[in-house]
Amino acid sequence: MGPEISSKTQLQTLKYVCVKSSFPLQECSPYSAHLFDAEDANTPMRMLPGLCGDYCSGYWLQCRYTLSLLLENSGNPQQFANLTATIEEDRKKFCDYLELKDKQYCYPNVLTNTELNANLGLVREDPTGCLELCLQEVANGLRNPVAMIHAEDGTHRFFVAEQLGYVWVYLANGSRIDRPFLNLTHAVLTSPWAGDERGFLCIALHPRFDEVKKAYVYYSVSVKKEERIRVSEFTLLTTDDNQLDHSSERTILEVVEPASNHNGGQLLFGRDGYLYVFIGDGGRAGDPFGKFGNSQNKSTLLGKVLRLDVDNNEDGAPYSIPSDNPFLHEKEARPEIYAYGVRNMWRCSIDRGDPTTGRGGGRMFCGDVGQNKFEEVDLIVKGGNYGWRAKEGFSCYDRKLCLNSSLDDILPIFAYPHKLGKSVTGGYIYRGCQMPNLNGLYIFGDFMSGRLMSLKENVASGEWQYREICMGGDQTCRFPKLINSYYKYIISFAEDEAGELYFMATGVASAKARAGVVYKIVDPSRRAAPGKCSFKPTPVKIKGKLVHFYPKEEFVINKKPTTTPIPTTSTRKTTTTTKTPPRRKTPIIIIKPPMPTRKTIRKTTLQTTRKTPQTTALKTTSKTTIKPTTVPTTVQKAMETTPAPTTPTGYRTTIMTAAFTRSAQTPIIPTSPTRKHGRPLQYAPITTSKPLTSAQPPPSPSTKRPKVALTSERPAALTTPRPQYWSLKPTTSGYKPQRPPINTTPTKTQEEGLRLGEKLENTGGANQVYKRPRGRSRGSKRGRGGRGGRKLRAGSVRLVTTDGLSDRGRLEIFIRGEWGTVCDDLFTSKAGSVVCRQLGFTTALAVMKRAVLGEADRNVRILLDDVECEGGERSLLECKRSRVGKHNCSHGEDVGVICG
């Protein structure tokens with residue numbers, strides 16, 4: 001669809017009115033943007049398509065009375081009737097009103113212009129080659145949503161699991177049943193602190209759920225003070241199709257966990273009907289168990305992919321071993337093992353296959369969380385060894401084991417360094433109907449950096465091409481119900497019964513924080529024809545009440561545009577002018593270079609042809625369109641001479657003004673898209689149903705850094721807690737525990753890396769990620785703030801220290817008439833350099849965190865948080881950041897800078 005919403009409606013109306021016309025009318029997609037000249041954000045929207053002059057004359061003979069039918073009037077009906085009648089009866093006036101002066105954009109010339117039509121319908125890219133997509137909010141108020149599945153029974157309902165132990169049923173219309181599908185909160189081992197990987201981690205329904213009516217769950221449990229992973233089977237209640245029988249639990253498998261992290265946590269049914277279970281390596285850094293680690297030891301189930309047959313198990317063992325399992329007859333190997341050498345696979349999926357050819361169907365994709373350098377995506381095959389702990393990504397981790405000629409491991413299809421992200425979240429290959437451009441695209445993400453990423457297979461070479469995904473601007477996503485921001489911490493991906501893709505993210509990585517949201521991925525550049533992808537869900541019998549869904553994020557289409565200065569009038573060439581499309585960046589092909597010499601494997605080291613994306617400074621994505629000033633049109637003169645008892649207002653004024661402005665080619669006030677970074681989510685308090693338990697503030701921290709849910713590597717302190725009905729609106733005060741002093745030299749365990757929820761210092765990226773809104777600290781009195789009463793500019797900085805040194809101290813910034821501090825979250829040496837140059841120094845020698853150079857008192861507000869600079873900005877206000885005054889920090893996190 002083109003970027004303007006009204007295009008399809010107007011064109012369909014024209015088609016209906018002129019159905020007997022000999023002039024064919026163009027359908028909505030993909031030309032509507034051209035017809036309405038709506039590609040440029042600064043061009044006012046037309047209510048009628050722009051026509052070429054010679055075409056308009058014939059159109060006037062057949063369809064001139066469409067004008068009065070298409071232009072509504074909410075002002076003076078008589079005045080409006082006079083105006084439209086005047087235009088309709090005069091061919092010259094009619095064509096002056098509709099004609100587009102730019103011949104290459106008018107209809108029907110636009111259909112034959114090769115340059116303009118070359119890239120129509122393709123996924124929109126930004127100047128760096130990032131694919132621009134939009135989102136639709138599907139569910140909210142969830143506590144760490146870790147999985148979303150469907151029953152494939154025609155009902156099109158989906159089931160969302162929370163880490164705390166609840167599973168909820170959502171119907172196709174978006175409403176939720178108030179009774180949980182499953183409630184295991186009494187048995188699940190987890191905690192409220194941000195970083196606990198334990199908990200309810202996955203659910204899978206039997207592939208013939210409408211017949212077999214069984215569900216399988218994967219969760220953490222404590223048995224006699226021993227932590228275990230438990231896979232259990234539940235049966236559906238005979239009296240309720242939307243609730244499992246809690247008394248029917250049958251343990252399928254239990255595995256002892258030597259540590260609290262690396263729990264794995266994926267259940268999948270393959271096309272062969274068998275249940276696949278993905279288990280982590282047991283935790284701790286570097287898989288230190290035994291001579292070669294758990295992952296390479298086939299006598300243990302840790303660090304493995306298992307395949308079980310759970311059919312026909314009513315009267316015997318809970319599962320049997322498929323006859324073709326690869327290690328069934330290998331001495332001392334566990335027969336359940338399907339593949340091994342995995343570290344901590346987090347989120348796997350099975351490719352449905354191309355909708356037309358079926359190619360790729362049945363392939364199993366997994367994201368495997370790395371150690372301290374690389375994250376990887378793997379294709380799982382029977383009997384495969386995926387290299388851990390010998391290798392991490394394409395590089396050696398345990399060099400001695402890596403050079404072992406008997407390893408014979410399978411390399412990932414893609415690996416990326418920790419400059420892009422530190423905890424991969426595996427995704428899905430898109431095979432849905434609604435977004436045809438995305439077919440075959442593997443979409444995944446990273447929990448730590450919040451990046452959305454994609455891979456596309458080159459069928460000829462077998463290589464996978466990497467493309468980053470970013471959020472489209474306000475003009476790109478200007479469609480009903482679409483948004484273009486999301487919470488940073490990407491927990492999981494999912495697909496619905498129709499094959500459309502979703503992902504789940506949260507603003508607070510705690511099992512009890514109601515900050516989780518389910519987003520649907522939408523391609524705004526091209527969607528299937530109306531009606532093509534429609535379906536009629538099978539009715540579902542409901543017991544209990546329905547909780548209706550209310551989105552919390554502001555739709556892009558409802559955003560109030562910001563204005564830019566009126567452009568200078570100049571003459572625009574309209575004869576042979578052609579527009580050069582922006583240069584597209586060639587897709588990145590990940591090359592697998594050779595490894596250190598080993599007899600039986602290829603030589604490989606990790607390389608990528610793509611430079612690490614860095615967070616860019618604020619850009620204005622829209623162009624200013626220059627329009628020449630001409631003599632007012634006949635319609636404008638008619639408006640001036642026709643008496644009107646009142647000033648025209650409302651819809652009609654908007655329509656006519658936009659149309660006349662375009663016709664007269666007068667200067668306009670353009671609008672530019674809202675700045676991508678820095679606007680907090682405007683969420684209202686979340687109302688939940690009775691079965692949900694209260695989320696209590698987490699206990700005081702006893703460790704140093706946040707160990708964040710699902711795939712974290714080390715213990716950590718708490719992030720900002722939230723109350724039960726968490727409101728994302730700014731608050732005047734809130735509970736935030738002070739972080740204890742931290743040793744600047746991390747231990748070996750700490751070096752192993754925080755995975756989920758850690759606030760990065762060196763991550764950039766083109767993704768538009770709006771982090772959770774920050775609570776407001778106590779304010780201080782506003783003042784001029786300058787020396788000797790001199791008025792300071794917004795963004796001025798100073799370094800405050802008790803020693804009176806000018807080159808070092810706590811960083812303070814002057815904004816809106818007051819001095820305030822800056823939180824150390826994401827603050828790096830690049831941001832420090834911006835500060836030091838402002839103060840007349842050459843560079844920043846050091847950035848000191850945790851208030852090492854001094855802590856402000858409580859009367860000083862924290863004005864900036866999440867500041868990420870490229871290094872070339874004139875002030876911190878030009879860097880990517882949260883909105884002024886929005887933060888989740890305490891003064892124990894004031895940043896300090898040493899300049900030199």
# chains A, B, ... in the order shown; residues from 1 in each chain; ligands from 1
call {"tool": "select_by_dssp", "arguments": {"residues": "segment 205-286 of chain A", "states": "strand (DSSP E)", "output": "count of residues only"}}
result
44
call {"tool": "select_by_dssp", "arguments": {"residues": "segment 65-268 of chain A", "states": "helix (DSSP H, G or I)", "output": "ChimeraX atom specification"}}
result
/A:66-70,77-89,91-98,103-105,109-112,114-117,209-212
call {"tool": "write_last_selection", "arguments": {"atoms": "N, CA and C atoms", "output": "compact mmCIF listing (two decimals), in the first residue's frame"}}
result
# COMPACT_ATOMS: atom_id res chain seq x y z
N THR A 66 -17.59 13.58 -10.26
CA THR A 66 -17.02 12.90 -9.08
C THR A 66 -16.55 13.89 -8.03
N LEU A 67 -16.23 15.10 -8.44
CA LEU A 67 -15.67 16.06 -7.49
C LEU A 67 -16.60 16.33 -6.32
N SER A 68 -17.86 16.60 -6.62
CA SER A 68 -18.81 16.91 -5.54
C SER A 68 -19.10 15.69 -4.67
N LEU A 69 -18.91 14.49 -5.25
CA LEU A 69 -19.17 13.29 -4.47
C LEU A 69 -18.01 12.94 -3.54
N LEU A 70 -16.81 13.33 -3.92
CA LEU A 70 -15.63 12.93 -3.15
C LEU A 70 -15.19 13.96 -2.13
N PRO A 77 -22.99 24.39 3.37
CA PRO A 77 -23.34 23.52 2.24
C PRO A 77 -23.58 24.30 0.95
N GLN A 78 -24.23 25.45 1.03
CA GLN A 78 -24.53 26.21 -0.17
C GLN A 78 -23.26 26.73 -0.83
N GLN A 79 -22.35 27.24 0.01
CA GLN A 79 -21.09 27.73 -0.53
C GLN A 79 -20.31 26.60 -1.20
N PHE A 80 -20.30 25.44 -0.55
CA PHE A 80 -19.58 24.30 -1.10
C PHE A 80 -20.20 23.86 -2.43
N ALA A 81 -21.52 23.80 -2.50
CA ALA A 81 -22.20 23.39 -3.74
C ALA A 81 -21.88 24.35 -4.88
N ASN A 82 -21.84 25.63 -4.57
CA ASN A 82 -21.52 26.62 -5.60
C ASN A 82 -20.10 26.43 -6.13
N LEU A 83 -19.17 26.17 -5.20
CA LEU A 83 -17.77 26.02 -5.60
C LEU A 83 -17.57 24.80 -6.48
N THR A 84 -18.10 23.65 -6.04
CA THR A 84 -17.89 22.43 -6.82
C THR A 84 -18.62 22.48 -8.15
N ALA A 85 -19.80 23.08 -8.17
CA ALA A 85 -20.54 23.21 -9.43
C ALA A 85 -19.76 24.06 -10.42
N THR A 86 -19.15 25.13 -9.92
CA THR A 86 -18.36 26.00 -10.79
C THR A 86 -17.20 25.25 -11.42
N ILE A 87 -16.56 24.42 -10.61
CA ILE A 87 -15.41 23.66 -11.11
C ILE A 87 -15.86 22.58 -12.08
N GLU A 88 -16.92 21.88 -11.76
CA GLU A 88 -17.35 20.76 -12.58
C GLU A 88 -17.85 21.18 -13.96
N GLU A 89 -18.41 22.36 -14.07
CA GLU A 89 -18.99 22.79 -15.35
C GLU A 89 -17.98 23.42 -16.28
N ARG A 91 -14.36 22.91 -17.97
CA ARG A 91 -13.30 21.94 -18.15
C ARG A 91 -11.93 22.49 -17.76
N LYS A 92 -11.68 23.75 -18.11
CA LYS A 92 -10.39 24.34 -17.78
C LYS A 92 -10.19 24.43 -16.26
N LYS A 93 -11.22 24.91 -15.58
CA LYS A 93 -11.13 25.01 -14.11
C LYS A 93 -10.97 23.62 -13.49
N PHE A 94 -11.71 22.65 -14.03
CA PHE A 94 -11.66 21.30 -13.50
C PHE A 94 -10.25 20.72 -13.61
N CYS A 95 -9.63 20.88 -14.77
CA CYS A 95 -8.30 20.31 -14.97
C CYS A 95 -7.22 21.13 -14.26
N ASP A 96 -7.44 22.44 -14.13
CA ASP A 96 -6.50 23.23 -13.33
C ASP A 96 -6.47 22.73 -11.89
N TYR A 97 -7.64 22.29 -11.43
CA TYR A 97 -7.77 21.82 -10.05
C TYR A 97 -7.10 20.46 -9.85
N LEU A 98 -7.25 19.54 -10.84
CA LEU A 98 -6.75 18.18 -10.68
C LEU A 98 -5.36 17.94 -11.25
N LYS A 103 4.90 16.19 -14.51
CA LYS A 103 4.35 15.21 -15.45
C LYS A 103 4.75 13.78 -15.13
N GLN A 104 5.94 13.59 -14.54
CA GLN A 104 6.37 12.22 -14.29
C GLN A 104 5.58 11.56 -13.17
N TYR A 105 4.90 12.37 -12.36
CA TYR A 105 4.12 11.81 -11.26
C TYR A 105 2.63 11.73 -11.55
N ASN A 109 0.97 8.67 -16.73
CA ASN A 109 2.40 8.63 -17.05
C ASN A 109 3.22 7.85 -16.03
N VAL A 110 2.78 7.92 -14.78
CA VAL A 110 3.53 7.26 -13.72
C VAL A 110 3.66 5.75 -13.95
N LEU A 111 2.70 5.18 -14.67
CA LEU A 111 2.72 3.73 -14.89
C LEU A 111 3.83 3.30 -15.84
N THR A 112 4.27 4.20 -16.68
CA THR A 112 5.27 3.84 -17.68
C THR A 112 6.65 4.38 -17.35
N THR A 114 9.91 4.02 -15.86
CA THR A 114 10.71 2.89 -15.35
C THR A 114 11.41 3.24 -14.05
N GLU A 115 11.96 4.43 -13.99
CA GLU A 115 12.73 4.81 -12.80
C GLU A 115 11.85 4.89 -11.55
N LEU A 116 10.68 5.48 -11.72
CA LEU A 116 9.79 5.62 -10.57
C LEU A 116 9.23 4.29 -10.11
N ASN A 117 9.06 3.36 -11.03
CA ASN A 117 8.44 2.08 -10.69
C ASN A 117 9.45 0.98 -10.37
N PHE A 209 -3.53 -31.37 18.51
CA PHE A 209 -4.10 -30.94 19.78
C PHE A 209 -5.62 -31.07 19.81
N ASP A 210 -6.26 -30.87 18.67
CA ASP A 210 -7.71 -30.99 18.64
C ASP A 210 -8.17 -32.43 18.89
N GLU A 211 -7.26 -33.39 18.69
CA GLU A 211 -7.59 -34.80 18.94
C GLU A 211 -6.93 -35.31 20.24
N VAL A 212 -5.65 -35.09 20.36
CA VAL A 212 -4.89 -35.66 21.49
C VAL A 212 -5.06 -34.83 22.76
call {"tool": "residues_around", "arguments": {"residues": "segment 132-146 of chain A", "least_positions_apart": "2", "cutoff": "7 Å", "atoms": "only C-alpha atoms", "output": "PyMOL selection string"}}
result
chain A and resi 123-126+130+160-163+174+201-202+469-472+477+481-484+491-492+504+506+509-524+549+551+686
call {"tool": "write_last_selection", "arguments": {"atoms": "C-alpha atoms", "output": "mmCIF file, in the first residue's frame"}}
result
data_model
loop_
_atom_site.group_PDB
_atom_site.id
_atom_site.type_symbol
_atom_site.label_atom_id
_atom_site.label_comp_id
_atom_site.auth_asym_id
_atom_site.auth_seq_id
_atom_site.Cartn_x
_atom_site.Cartn_y
_atom_site.Cartn_z
ATOM 1 C CA VAL A 123 10.715 -3.251 1.621
ATOM 2 C CA ARG A 124 11.625 0.348 2.351
ATOM 3 C CA GLU A 125 15.240 0.960 3.365
ATOM 4 C CA ASP A 126 16.874 3.817 5.209
ATOM 5 C CA CYS A 130 18.329 -0.977 7.148
ATOM 6 C CA VAL A 160 1.182 -16.673 25.869
ATOM 7 C CA ALA A 161 3.376 -17.995 28.694
ATOM 8 C CA GLU A 162 4.849 -15.807 31.420
ATOM 9 C CA GLN A 163 8.104 -16.662 33.182
ATOM 10 C CA GLY A 174 -7.362 -9.838 20.710
ATOM 11 C CA LEU A 201 10.415 -21.247 29.971
ATOM 12 C CA CYS A 202 8.299 -22.889 27.268
ATOM 13 C CA ILE A 469 15.766 -4.182 10.682
ATOM 14 C CA CYS A 470 14.847 -0.757 11.983
ATOM 15 C CA MET A 471 11.595 0.988 12.700
ATOM 16 C CA GLY A 472 10.118 3.065 9.896
ATOM 17 C CA CYS A 477 4.250 3.783 9.507
ATOM 18 C CA LYS A 481 -3.075 0.766 14.529
ATOM 19 C CA LEU A 482 0.647 0.822 13.648
ATOM 20 C CA ILE A 483 3.433 1.951 15.957
ATOM 21 C CA ASN A 484 7.161 2.370 15.379
ATOM 22 C CA ILE A 491 12.647 -12.090 24.860
ATOM 23 C CA SER A 492 11.096 -14.327 22.218
ATOM 24 C CA MET A 504 7.778 -10.321 22.766
ATOM 25 C CA THR A 506 9.797 -6.042 28.002
ATOM 26 C CA ALA A 509 13.498 -7.918 32.753
ATOM 27 C CA SER A 510 11.904 -9.230 35.927
ATOM 28 C CA ALA A 511 9.514 -12.169 36.190
ATOM 29 C CA LYS A 512 7.091 -10.046 38.193
ATOM 30 C CA ALA A 513 7.176 -6.742 36.290
ATOM 31 C CA ARG A 514 4.094 -6.132 34.143
ATOM 32 C CA ALA A 515 6.158 -4.558 31.403
ATOM 33 C CA GLY A 516 5.889 -7.205 28.678
ATOM 34 C CA VAL A 517 4.314 -6.507 25.280
ATOM 35 C CA VAL A 518 3.558 -8.701 22.249
ATOM 36 C CA TYR A 519 4.209 -6.971 18.910
ATOM 37 C CA LYS A 520 3.155 -8.050 15.428
ATOM 38 C CA ILE A 521 5.664 -7.334 12.650
ATOM 39 C CA VAL A 522 4.188 -5.341 9.745
ATOM 40 C CA ASP A 523 5.710 -4.430 6.392
ATOM 41 C CA PRO A 524 4.183 -1.060 5.406
ATOM 42 C CA PHE A 549 -7.416 -5.573 24.732
ATOM 43 C CA PRO A 551 -3.316 -0.788 23.227
ATOM 44 C CA ILE A 686 -2.430 -1.604 33.367
#
call {"tool": "residues_around", "arguments": {"residues": "segment 858-864 of chain A", "least_positions_apart": "5", "cutoff": "10 Å", "atoms": "only C-alpha atoms", "output": "number ranges by chain"}}
result
A: 776-781, 812-816, 818-825, 876-877, 881-891, 893-894
call {"tool": "closest_residue", "arguments": {"among": "A:Arg874, A:Ala460, A:Gly426, A:Lys559", "to": "Arg837 of chain A", "atoms": "only C-alpha atoms"}}
result
A:Arg874
call {"tool": "closest_residue", "arguments": {"among": "A:Ser875, A:Lys541, A:Arg250, A:Phe158", "to": "Ala794 of chain A", "atoms": "only C-alpha atoms"}}
result
A:Ser875
call {"tool": "closest_residue", "arguments": {"among": "A:His262, A:His418, A:His150, A:Arg478", "to": "Glu554 of chain A", "atoms": "only C-alpha atoms"}}
result
A:Arg478
call {"tool": "closest_residue", "arguments": {"among": "A:Glu336, A:Asp287, A:Asp90, A:Glu870", "to": "Lys391 of chain A", "atoms": "only C-alpha atoms"}}
result
A:Asp287
call {"tool": "residues_around", "arguments": {"residues": "Ala846 of chain A", "least_positions_apart": "4", "cutoff": "8 Å", "atoms": "only C-alpha atoms", "output": "PyMOL selection string"}}
result
chain A and resi 829+832+897-899
call {"tool": "residues_around", "arguments": {"residues": "Ile380 of chain A", "least_positions_apart": "5", "cutoff": "12 Å", "atoms": "only C-alpha atoms", "output": "PyMOL selection string"}}
result
chain A and resi 270+276+278+304-307+338-342+345+348-351+362-368+385-386+409-413
call {"tool": "residues_around", "arguments": {"residues": "Tyr218 of chain A", "least_positions_apart": "4", "cutoff": "10 Å", "atoms": "only C-alpha atoms", "output": "ChimeraX atom specification"}}
result
/A:188,199-204,229-233,252-254,263-267,277-279
